[in-house]
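Below is one structure; the comments refer to it alone.
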Amino acid sequence: MSLEDEQDPTAYDRTYVLDNRLTLQWYPERVAAMAQAGSMLELGLGHGYSTEYFAKTFQRYRVIEGSREMIDRFKEHFAIEGMDIVQGYFEDFETDERFDAIGMGFVLEHVDDPAAIIRRYARFLSPGGSIYIAVPNAESLHRRLGNAAGLLPDIGALSPADLEFGHKRYFTLESLTAMVENEALEIRRVEGLLLKPITTQQMIDLNLSEAILQAMLKVGVDYPELCNSLLIQASRSAQQ
């Protein structure tokens with residue numbers, strides 16, 4: 001299925017815009033820093049930030065997207081020549097091609113069976129290639145503080161905004177790494193995306209400088225268990 005099947009395509013344009021700008025522009029930079037600039041297969045167009053970045057970074061770049069509306073919206077906002085966009089569900093995609101990098105940026109929280117997606121796409125890795133997975137973290141610092149203050153009774157609970165975005169779950173560092181390792185992949189690197197101590201609205205109300213916002217991203221790299229989102233690089237073991 002496409003993650004847009006149960007998601008309002010305009011939701012991310014209306015809500016948490018600050019989070020989107022920070023995280024979705026930082027995520028592709030971190031992936032590119034880890035990956036070899038060969039070929040990449042990405043799941044989903046999303047906001048288009050990572051698509052634009054990766055299209056300029058990788059020599060061969062392909063995107064799978066299930067929603068015609070999302071494809072049309074992307075083409076309206078981004079003028080990139082020769083984009084290879086395949087319309088289809090993640091669960092149905094097949095190819096004989098093998099890729100050096102496979103991007104799953106903020107995808108697995110949307111799908112019915114995230115482990116099955118990892119299992120399926122591991123087959124499309126070239127020797128030495130890696131899967132890059134980014135997901136929201138249930139145990140981020142701001143959620144931990146909210147839980148301790150009694151404002152968030154269940155640290156893994158989905159908010160009305162989560163449901164609008166089509167989220168089905170949060171992950172923890174433990175649950176994400178366990179799921180990946182259960183699919184016979186080895187974790188190569190773990191990073192945090194955005195060390196966020198307060199809510200998005202509080203960040204906006206404080207009118208934080210760009211330098212502080214960038215510092216939240218830079219410092220967060222080394223503290224994934226506290227960050228707003230988790231980023232991992234995983235590869236097949238040498239024995240496979």
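Ligands are numbered from 1 in the order shown, residues from 1 within each chain, and chains are lettered A, B, ... in the order they appear in the structure tokens.
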
- Message: Residues within 10 Å of Met203 in chain A, please, as a list in words. Count only C-alpha atoms; anything in the same chain fewer than 5 positions from it doesn't count.
- Response: Leu18, Asp19, Lys196, Pro197, Ile198, Leu208, Ser209 and Leu213 of chain A

- All residues 8 Å or closer to range 175-181 of chain A, only C-alpha atoms, same chain fewer than 3 positions away omitted, as a list in words: Ala115, Ile118, Phe171, Thr172, Ala184, Leu185, Glu186, Ile187 and Ala234 of chain A

Go ahead and save the picked residues with N, CA and C atoms, as a PDB file, in the first residue's frame.
```pdb
ATOM      1  N   ALA A 115       8.201  -4.671   9.158  1.00  0.00           N
ATOM      2  CA  ALA A 115       9.228  -5.704   9.013  1.00  0.00           C
ATOM      3  C   ALA A 115       9.197  -6.305   7.615  1.00  0.00           C
ATOM      4  N   ILE A 118      11.014  -3.994   5.185  1.00  0.00           N
ATOM      5  CA  ILE A 118      12.465  -4.134   5.310  1.00  0.00           C
ATOM      6  C   ILE A 118      12.937  -5.420   4.637  1.00  0.00           C
ATOM      7  N   PHE A 171       8.239   4.325  17.201  1.00  0.00           N
ATOM      8  CA  PHE A 171       9.278   3.348  17.484  1.00  0.00           C
ATOM      9  C   PHE A 171      10.123   3.821  18.659  1.00  0.00           C
ATOM     10  N   THR A 172      10.837   2.901  19.260  1.00  0.00           N
ATOM     11  CA  THR A 172      11.915   3.241  20.189  1.00  0.00           C
ATOM     12  C   THR A 172      13.213   2.758  19.550  1.00  0.00           C
ATOM     13  N   ALA A 184      17.778 -10.153   9.648  1.00  0.00           N
ATOM     14  CA  ALA A 184      19.136 -10.577   9.276  1.00  0.00           C
ATOM     15  C   ALA A 184      19.970  -9.446   8.678  1.00  0.00           C
ATOM     16  N   LEU A 185      19.744  -8.241   9.173  1.00  0.00           N
ATOM     17  CA  LEU A 185      20.559  -7.097   8.788  1.00  0.00           C
ATOM     18  C   LEU A 185      21.405  -6.653   9.969  1.00  0.00           C
ATOM     19  N   GLU A 186      22.552  -6.067   9.673  1.00  0.00           N
ATOM     20  CA  GLU A 186      23.438  -5.562  10.712  1.00  0.00           C
ATOM     21  C   GLU A 186      23.339  -4.041  10.780  1.00  0.00           C
ATOM     22  N   ILE A 187      23.243  -3.521  11.979  1.00  0.00           N
ATOM     23  CA  ILE A 187      23.209  -2.073  12.179  1.00  0.00           C
ATOM     24  C   ILE A 187      24.616  -1.525  12.005  1.00  0.00           C
ATOM     25  N   ALA A 234      21.649   0.199   7.918  1.00  0.00           N
ATOM     26  CA  ALA A 234      21.721  -1.245   8.102  1.00  0.00           C
ATOM     27  C   ALA A 234      22.099  -1.915   6.784  1.00  0.00           C
TER      28      ALA A 234
END
```

Skip range 46-53 of chain A itself and residues of its chain fewer than 2 positions away, then list as an mmCIF file with N, CA, C and O atoms, in the first residue's frame all residues within 7 Å of it, counting only C-alpha atoms.
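Done, and the output landed in around11.cif:
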```cif
data_model
loop_
_atom_site.group_PDB
_atom_site.id
_atom_site.type_symbol
_atom_site.label_atom_id
_atom_site.label_comp_id
_atom_site.auth_asym_id
_atom_site.auth_seq_id
_atom_site.Cartn_x
_atom_site.Cartn_y
_atom_site.Cartn_z
ATOM 1 N N LEU A 24 13.403 17.181 7.798
ATOM 2 C CA LEU A 24 13.383 16.664 6.437
ATOM 3 C C LEU A 24 14.466 17.264 5.550
ATOM 4 O O LEU A 24 14.780 16.701 4.498
ATOM 5 N N GLN A 25 15.066 18.372 5.978
ATOM 6 C CA GLN A 25 16.213 18.897 5.248
ATOM 7 C C GLN A 25 17.526 18.345 5.815
ATOM 8 O O GLN A 25 18.525 18.255 5.104
ATOM 9 N N PRO A 28 18.311 13.986 4.646
ATOM 10 C CA PRO A 28 19.052 13.567 3.448
ATOM 11 C C PRO A 28 20.528 13.920 3.506
ATOM 12 O O PRO A 28 21.357 13.194 2.938
ATOM 13 N N GLY A 44 8.736 6.590 -1.402
ATOM 14 C CA GLY A 44 7.869 7.722 -1.111
ATOM 15 C C GLY A 44 8.484 9.066 -1.437
ATOM 16 O O GLY A 44 9.679 9.292 -1.218
ATOM 17 N N ALA A 55 18.238 13.372 -5.658
ATOM 18 C CA ALA A 55 18.298 13.395 -7.122
ATOM 19 C C ALA A 55 19.563 14.092 -7.615
ATOM 20 O O ALA A 55 20.084 13.783 -8.696
ATOM 21 N N LYS A 56 20.071 15.028 -6.807
ATOM 22 C CA LYS A 56 21.275 15.767 -7.178
ATOM 23 C C LYS A 56 22.541 15.111 -6.632
ATOM 24 O O LYS A 56 23.646 15.498 -7.011
ATOM 25 N N THR A 57 22.366 14.131 -5.745
ATOM 26 C CA THR A 57 23.508 13.529 -5.059
ATOM 27 C C THR A 57 23.919 12.192 -5.657
ATOM 28 O O THR A 57 25.111 11.907 -5.802
ATOM 29 N N PHE A 74 4.425 16.981 -6.318
ATOM 30 C CA PHE A 74 5.885 17.078 -6.362
ATOM 31 C C PHE A 74 6.328 17.798 -7.637
ATOM 32 O O PHE A 74 7.176 18.697 -7.602
#
```

- Query: Quick one: DSSP alpha helix (DSSP H) residues in range 7-165 of chain A, as number ranges by chain?
  - Reply: A: 11-14, 17-34, 49-57, 68-77, 114-122, 141-148, 160-165

- Separation of CA of Lys168 in chain A and CA of Glu109 in chain A, in Å? 5.6 Å

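We find CA of Asp72 in chain A and CA of Leu43 in chain A to be spaced 16.3 Å apart.
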
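CA of Trp26 in chain A lies 24.1 Å from CA of Leu145 in chain A.
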
- Query: Nearest to Leu141 in chain A among A:Thr199, A:Asn20, A:Gln36, A:Ser237, with distances taken over only C-alpha atoms: which residue is it?
  - Reply: A:Thr199

- Task: Would you mind listing what lies within 6 Å of range 191-194 of chain A as a VMD selection string, with only C-alpha atoms counted and same-chain residues fewer than 5 positions away left out?
- Result: chain A and resid 216 to 217 220 to 221 223 to 224 227 to 231

- Message: For the structure I just gave you, how does DSSP split range 38-110 of chain A - specifically, which residues are strand (DSSP E or B)? Reply as a PyMOL selection string.
- Response: chain A and resi 39-43+60-65+84-87+99-105

Can I get the selected residues back with N, CA, C and O atoms, as a JSON list (two decimals), in the first residue's frame?
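In the end it all went to result_3.json:
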```json
[["chain", "number", "residue", "atom", "x", "y", "z"],
["A", 39, "SER", "N", 23.97, 4.42, -6.61],
["A", 39, "SER", "CA", 22.56, 4.36, -6.95],
["A", 39, "SER", "C", 21.70, 4.34, -5.70],
["A", 39, "SER", "O", 22.11, 3.84, -4.65],
["A", 40, "MET", "N", 20.49, 4.89, -5.82],
["A", 40, "MET", "CA", 19.57, 4.93, -4.68],
["A", 40, "MET", "C", 18.15, 4.66, -5.14],
["A", 40, "MET", "O", 17.70, 5.16, -6.17],
["A", 41, "LEU", "N", 17.45, 3.88, -4.32],
["A", 41, "LEU", "CA", 16.01, 3.67, -4.45],
["A", 41, "LEU", "C", 15.35, 4.25, -3.22],
["A", 41, "LEU", "O", 15.73, 3.90, -2.09],
["A", 42, "GLU", "N", 14.38, 5.14, -3.40],
["A", 42, "GLU", "CA", 13.71, 5.76, -2.25],
["A", 42, "GLU", "C", 12.24, 5.40, -2.24],
["A", 42, "GLU", "O", 11.58, 5.36, -3.29],
["A", 43, "LEU", "N", 11.72, 5.15, -1.04],
["A", 43, "LEU", "CA", 10.31, 4.83, -0.86],
["A", 43, "LEU", "C", 9.55, 6.09, -0.49],
["A", 43, "LEU", "O", 9.71, 6.63, 0.61],
["A", 60, "ARG", "N", 22.46, 7.46, -9.91],
["A", 60, "ARG", "CA", 21.23, 6.79, -10.35],
["A", 60, "ARG", "C", 20.23, 6.87, -9.21],
["A", 60, "ARG", "O", 20.54, 6.50, -8.08],
["A", 61, "TYR", "N", 19.05, 7.40, -9.50],
["A", 61, "TYR", "CA", 18.09, 7.65, -8.43],
["A", 61, "TYR", "C", 16.69, 7.32, -8.91],
["A", 61, "TYR", "O", 16.27, 7.76, -9.99],
["A", 62, "ARG", "N", 15.98, 6.51, -8.11],
["A", 62, "ARG", "CA", 14.63, 6.08, -8.46],
["A", 62, "ARG", "C", 13.73, 6.20, -7.24],
["A", 62, "ARG", "O", 14.16, 5.92, -6.11],
["A", 63, "VAL", "N", 12.46, 6.58, -7.45],
["A", 63, "VAL", "CA", 11.51, 6.75, -6.36],
["A", 63, "VAL", "C", 10.26, 5.93, -6.64],
["A", 63, "VAL", "O", 9.76, 5.92, -7.78],
["A", 64, "ILE", "N", 9.75, 5.27, -5.58],
["A", 64, "ILE", "CA", 8.46, 4.58, -5.67],
["A", 64, "ILE", "C", 7.43, 5.43, -4.93],
["A", 64, "ILE", "O", 7.66, 5.83, -3.79],
["A", 65, "GLU", "N", 6.30, 5.68, -5.57],
["A", 65, "GLU", "CA", 5.25, 6.49, -4.95],
["A", 65, "GLU", "C", 3.89, 5.95, -5.38],
["A", 65, "GLU", "O", 3.63, 5.79, -6.58],
["A", 84, "ASP", "N", 13.00, 9.66, -12.26],
["A", 84, "ASP", "CA", 12.49, 8.30, -12.46],
["A", 84, "ASP", "C", 11.57, 7.97, -11.29],
["A", 84, "ASP", "O", 12.01, 7.51, -10.24],
["A", 85, "ILE", "N", 10.28, 8.23, -11.48],
["A", 85, "ILE", "CA", 9.28, 7.98, -10.44],
["A", 85, "ILE", "C", 8.40, 6.82, -10.89],
["A", 85, "ILE", "O", 7.80, 6.86, -11.97],
["A", 86, "VAL", "N", 8.34, 5.78, -10.07],
["A", 86, "VAL", "CA", 7.51, 4.62, -10.35],
["A", 86, "VAL", "C", 6.26, 4.72, -9.49],
["A", 86, "VAL", "O", 6.34, 4.79, -8.27],
["A", 87, "GLN", "N", 5.08, 4.75, -10.12],
["A", 87, "GLN", "CA", 3.85, 4.77, -9.35],
["A", 87, "GLN", "C", 3.45, 3.34, -9.01],
["A", 87, "GLN", "O", 3.23, 2.51, -9.89],
["A", 99, "PHE", "N", 20.60, -1.73, -5.73],
["A", 99, "PHE", "CA", 20.91, -0.35, -5.38],
["A", 99, "PHE", "C", 21.92, -0.29, -4.24],
["A", 99, "PHE", "O", 21.89, -1.10, -3.31],
["A", 100, "ASP", "N", 22.78, 0.73, -4.29],
["A", 100, "ASP", "CA", 23.76, 0.95, -3.23],
["A", 100, "ASP", "C", 23.11, 1.50, -1.97],
["A", 100, "ASP", "O", 23.61, 1.29, -0.86],
["A", 101, "ALA", "N", 22.03, 2.22, -2.14],
["A", 101, "ALA", "CA", 21.31, 2.80, -1.00],
["A", 101, "ALA", "C", 19.81, 2.67, -1.23],
["A", 101, "ALA", "O", 19.32, 2.86, -2.35],
["A", 102, "ILE", "N", 19.10, 2.33, -0.16],
["A", 102, "ILE", "CA", 17.64, 2.30, -0.20],
["A", 102, "ILE", "C", 17.14, 3.17, 0.94],
["A", 102, "ILE", "O", 17.48, 2.94, 2.12],
["A", 103, "GLY", "N", 16.37, 4.20, 0.61],
["A", 103, "GLY", "CA", 15.91, 5.17, 1.60],
["A", 103, "GLY", "C", 14.49, 4.89, 2.05],
["A", 103, "GLY", "O", 13.58, 4.80, 1.23],
["A", 104, "MET", "N", 14.33, 4.77, 3.37],
["A", 104, "MET", "CA", 13.00, 4.62, 3.99],
["A", 104, "MET", "C", 12.84, 5.74, 5.01],
["A", 104, "MET", "O", 12.80, 5.51, 6.21],
["A", 105, "GLY", "N", 12.79, 6.95, 4.53],
["A", 105, "GLY", "CA", 12.68, 8.10, 5.41],
["A", 105, "GLY", "C", 11.24, 8.37, 5.80],
["A", 105, "GLY", "O", 10.44, 8.81, 4.97]]
```
